[in-house]
Amino acid sequence: MTTVSKARLADLAEAAGVSTATVSRVLNNRPGVKADTREAVQAAAAALGYAAERPGPRRPGPVAIMLPELSNPSFTAFAEILDSLLYAAGVRTFVCPAGPTGMSEDQHLAALVDTNLAGIVSVSGIPANNTLSLEPYEKIISRGIPIVFINAPTDELAAGFYSCSDAEAVNASVAHLRTLGHRRIGLAVGPDRFVPARRKAAAFEALGFGPESIERTTYTAEGGQVAAGRLIESGHTAIVCGSDLMALGVIREARVRGMRVPEDLSVVGFDDSPLMAFTDPSLTTVRQPVRPIAEAAVSALLRAMGDGSELDPTEVLFHPDLVIRRSTGPAPAGRAILP
């Protein structure tokens, strides 16, 4: 069911005392909502003048692939695989990168909201950043357009969610470094507003490390270099990074300081982006299962597009793999134990 009103889903949710996901289920006449809750939402819609009109048969349309940018190799890998899977299913696609110099994600969505869009796959999109409004996606969902999110979980949208396990990534990285004798291990991740950064930091602290061993910068080589400078100066012998690009920045900073990798500093990345096996030294990193995540997300999206079935909002976590290469080695003699 398509809804037309100045009131937002969030307004109805607040009035009815429920989540926006529940409001969406009621407005689209989907199961899984208690009768009294459904009545409360319908009453709120009536009180706020939230009019509804039933659309005609949906014309087949394309699927939008939303990405933060294309300069990060991991996002490009997701785009390529998602596009190939949808193409194989006979679905047209277009890629919407939200780079710093082009259209933002919410601008792309505003342009798409009144088109004959069949669905959306969003990679590390708006829900991954807790400072951004979910309203652009609420509008899309209120029109009955199915959406699946990759590495961007939230319990406020009626959509499908598929993510790489950040906790497992950190646990595997730290376990590997500890077997090499490292005890002064640091974590370089992105800003705390990003869900993956918060999850990695939480997993890291759960392993016994304090906040002084965590540096939050940006998911870039420059950000990695800044984080490395601080962690090296505080005596860390190994650094786990939130992305491969950050790891390359860490290696750069180590070399600027006359240090050798891995003899003086061990480095672990995240993503296993293309060419990481060919860097100097080749990068030990955590490989995201890009294809399995993409396959699961596309499969769920195609089902929802085909029969109108409701997407399961339970987040599905995928196991990453630690790929050991030459950027990690034994802790330097005399520096393996905490002072």
# chains A, B, ... in the order shown; residues from 1 in each chain; ligands from 1
call {"tool": "select_by_dssp", "arguments": {"residues": "region 182-298 of chain A", "states": "strand (DSSP E)", "output": "list in words"}}
result
Ile185, Gly186, Leu187, Ala188, Val189, Ile214, Glu215, Arg216, Ala238, Ile239, Val240, Cys241, Ser266, Val267, Val268, Gly269, Phe270, Asp271, Thr284, Thr285, Val286 and Arg287 of chain A
call {"tool": "write_last_selection", "arguments": {"atoms": "C-alpha atoms", "output": "PDB file, in the first residue's frame"}}
result
ATOM      1  CA  ILE A 185      47.913  -4.458  20.836  1.00  0.00           C
ATOM      2  CA  GLY A 186      46.141  -1.356  19.558  1.00  0.00           C
ATOM      3  CA  LEU A 187      42.974  -0.861  17.530  1.00  0.00           C
ATOM      4  CA  ALA A 188      42.636   1.753  14.775  1.00  0.00           C
ATOM      5  CA  VAL A 189      39.030   2.261  13.687  1.00  0.00           C
ATOM      6  CA  ILE A 214      41.822   2.448  20.754  1.00  0.00           C
ATOM      7  CA  GLU A 215      42.319   5.253  18.247  1.00  0.00           C
ATOM      8  CA  ARG A 216      39.349   6.534  16.248  1.00  0.00           C
ATOM      9  CA  ALA A 238      50.782  -4.516  16.943  1.00  0.00           C
ATOM     10  CA  ILE A 239      47.800  -2.683  15.456  1.00  0.00           C
ATOM     11  CA  VAL A 240      44.478  -4.109  14.298  1.00  0.00           C
ATOM     12  CA  CYS A 241      42.808  -1.857  11.713  1.00  0.00           C
ATOM     13  CA  SER A 266      52.738  -6.055  13.253  1.00  0.00           C
ATOM     14  CA  VAL A 267      49.702  -4.854  11.293  1.00  0.00           C
ATOM     15  CA  VAL A 268      46.324  -6.494  10.564  1.00  0.00           C
ATOM     16  CA  GLY A 269      43.809  -5.049   8.088  1.00  0.00           C
ATOM     17  CA  PHE A 270      40.144  -5.670   7.397  1.00  0.00           C
ATOM     18  CA  ASP A 271      38.368  -6.431   4.085  1.00  0.00           C
ATOM     19  CA  THR A 284      47.602  -9.966   6.997  1.00  0.00           C
ATOM     20  CA  THR A 285      43.920  -9.087   7.002  1.00  0.00           C
ATOM     21  CA  VAL A 286      40.400 -10.246   7.775  1.00  0.00           C
ATOM     22  CA  ARG A 287      38.503 -11.193   4.647  1.00  0.00           C
TER      23      ARG A 287
END
call {"tool": "residues_around", "arguments": {"residues": "Glu233 (chain A)", "least_positions_apart": "2", "cutoff": "12 Å", "atoms": "only C-alpha atoms", "output": "PyMOL selection string"}}
result
chain A and resi 184+186+212-213+226-231+235-237+253-254+257+265
call {"tool": "write_last_selection", "arguments": {"atoms": "N, CA and C atoms", "output": "PDB file, in the first residue's frame"}}
result
ATOM      1  N   ARG A 184      50.876  -5.702  23.796  1.00  0.00           N
ATOM      2  CA  ARG A 184      50.540  -4.295  23.575  1.00  0.00           C
ATOM      3  C   ARG A 184      49.923  -4.169  22.181  1.00  0.00           C
ATOM      4  N   GLY A 186      47.021  -2.509  19.720  1.00  0.00           N
ATOM      5  CA  GLY A 186      46.141  -1.356  19.558  1.00  0.00           C
ATOM      6  C   GLY A 186      45.094  -1.595  18.487  1.00  0.00           C
ATOM      7  N   GLU A 212      42.553   3.388  26.121  1.00  0.00           N
ATOM      8  CA  GLU A 212      43.810   4.018  25.703  1.00  0.00           C
ATOM      9  C   GLU A 212      44.472   3.264  24.550  1.00  0.00           C
ATOM     10  N   SER A 213      44.012   2.052  24.268  1.00  0.00           N
ATOM     11  CA  SER A 213      44.560   1.267  23.163  1.00  0.00           C
ATOM     12  C   SER A 213      43.705   1.378  21.899  1.00  0.00           C
ATOM     13  N   VAL A 226      47.625   8.559  11.181  1.00  0.00           N
ATOM     14  CA  VAL A 226      47.453   9.329  12.409  1.00  0.00           C
ATOM     15  C   VAL A 226      47.295   8.399  13.609  1.00  0.00           C
ATOM     16  N   ALA A 227      46.444   7.385  13.477  1.00  0.00           N
ATOM     17  CA  ALA A 227      46.226   6.441  14.574  1.00  0.00           C
ATOM     18  C   ALA A 227      47.511   5.707  14.923  1.00  0.00           C
ATOM     19  N   ALA A 228      48.276   5.324  13.905  1.00  0.00           N
ATOM     20  CA  ALA A 228      49.528   4.605  14.151  1.00  0.00           C
ATOM     21  C   ALA A 228      50.502   5.443  14.951  1.00  0.00           C
ATOM     22  N   GLY A 229      50.607   6.736  14.602  1.00  0.00           N
ATOM     23  CA  GLY A 229      51.536   7.589  15.327  1.00  0.00           C
ATOM     24  C   GLY A 229      51.249   7.588  16.817  1.00  0.00           C
ATOM     25  N   ARG A 230      49.983   7.680  17.174  1.00  0.00           N
ATOM     26  CA  ARG A 230      49.610   7.716  18.590  1.00  0.00           C
ATOM     27  C   ARG A 230      49.851   6.370  19.272  1.00  0.00           C
ATOM     28  N   LEU A 231      49.497   5.279  18.594  1.00  0.00           N
ATOM     29  CA  LEU A 231      49.637   3.957  19.196  1.00  0.00           C
ATOM     30  C   LEU A 231      51.096   3.537  19.295  1.00  0.00           C
ATOM     31  N   GLY A 235      53.652   2.757  22.856  1.00  0.00           N
ATOM     32  CA  GLY A 235      54.317   1.478  23.085  1.00  0.00           C
ATOM     33  C   GLY A 235      53.657   0.241  22.526  1.00  0.00           C
ATOM     34  N   HIS A 236      52.694   0.386  21.652  1.00  0.00           N
ATOM     35  CA  HIS A 236      52.030  -0.791  21.080  1.00  0.00           C
ATOM     36  C   HIS A 236      52.921  -1.445  20.032  1.00  0.00           C
ATOM     37  N   THR A 237      52.927  -2.766  20.025  1.00  0.00           N
ATOM     38  CA  THR A 237      53.761  -3.520  19.082  1.00  0.00           C
ATOM     39  C   THR A 237      52.956  -4.114  17.937  1.00  0.00           C
ATOM     40  N   GLU A 253      53.307   5.005   8.267  1.00  0.00           N
ATOM     41  CA  GLU A 253      53.793   5.731   9.442  1.00  0.00           C
ATOM     42  C   GLU A 253      54.948   4.995  10.110  1.00  0.00           C
ATOM     43  N   ALA A 254      54.850   3.660  10.154  1.00  0.00           N
ATOM     44  CA  ALA A 254      55.953   2.891  10.744  1.00  0.00           C
ATOM     45  C   ALA A 254      57.247   3.150   9.973  1.00  0.00           C
ATOM     46  N   ARG A 257      58.903   6.427  10.615  1.00  0.00           N
ATOM     47  CA  ARG A 257      59.599   6.422  11.900  1.00  0.00           C
ATOM     48  C   ARG A 257      60.806   5.488  11.909  1.00  0.00           C
ATOM     49  N   LEU A 265      56.807  -3.799  14.182  1.00  0.00           N
ATOM     50  CA  LEU A 265      55.375  -3.544  14.342  1.00  0.00           C
ATOM     51  C   LEU A 265      54.597  -4.495  13.450  1.00  0.00           C
TER      52      LEU A 265
END
call {"tool": "closest_atom_pairs", "arguments": {"of": "region 94-125 of chain A", "to": "region 149-170 of chain A", "cutoff": "9 Å", "atoms": "only C-alpha atoms", "output": "CSV"}}
result
residue,atom,partner,partner_atom,distance
A:Ile120,CA,A:Phe149,CA,8.4
A:Val121,CA,A:Phe149,CA,5.9
A:Ser122,CA,A:Phe149,CA,4.8
A:Val123,CA,A:Ile150,CA,4.7
A:Ser124,CA,A:Ala152,CA,5.0
A:Gly125,CA,A:Ala152,CA,6.0
call {"tool": "write_last_selection", "arguments": {"atoms": "C-alpha atoms", "output": "CSV table (one decimal), in the first residue's frame"}}
result
chain,number,residue,atom,x,y,z
A,120,ILE,CA,17.3,-1.2,-3.1
A,121,VAL,CA,20.5,-2.8,-1.8
A,122,SER,CA,22.3,-0.4,0.5
A,123,VAL,CA,26.0,-1.1,1.4
A,124,SER,CA,27.3,0.6,4.6
A,125,GLY,CA,24.6,3.2,4.1
call {"tool": "atom_distance", "arguments": {"atom1": "CA of Leu311 (chain A)", "atom2": "CA of Gln107 (chain A)"}}
result
24.7 Å
call {"tool": "atom_distance", "arguments": {"atom1": "CA of Glu14 (chain A)", "atom2": "CA of Arg38 (chain A)"}}
result
14.0 Å
call {"tool": "atom_distance", "arguments": {"atom1": "CA of Leu302 (chain A)", "atom2": "CA of Leu70 (chain A)"}}
result
24.4 Å
call {"tool": "select_by_dssp", "arguments": {"residues": "region 19-227 of chain A", "states": "alpha helix (DSSP H)", "output": "MDAnalysis selection string"}}
result
chainID A and resid 20:27 35:47 73:88 105:112 135:142 166:179 195:206 221:227
call {"tool": "closest_residue", "arguments": {"among": "A:Ile81, A:Leu245, A:Ile145, A:Ala21", "to": "Gly61 (chain A)", "atoms": "only C-alpha atoms"}}
result
A:Ile145
call {"tool": "residues_around", "arguments": {"residues": "Val41 (chain A)", "least_positions_apart": "4", "cutoff": "9 Å", "atoms": "only C-alpha atoms", "output": "PyMOL selection string"}}
result
chain A and resi 12-13+15-18+22-23+26-27+36-37+45-46
call {"tool": "residues_around", "arguments": {"residues": "Leu85 (chain A)", "least_positions_apart": "2", "cutoff": "10 Å", "atoms": "only C-alpha atoms", "output": "list of chain:residue names"}}
result
A:Glu80, A:Ile81, A:Leu82, A:Asp83, A:Tyr87, A:Ala88, A:Ala89, A:Gly90, A:Val91, A:Arg291, A:Ala294, A:Glu295, A:Val298, A:Ser299
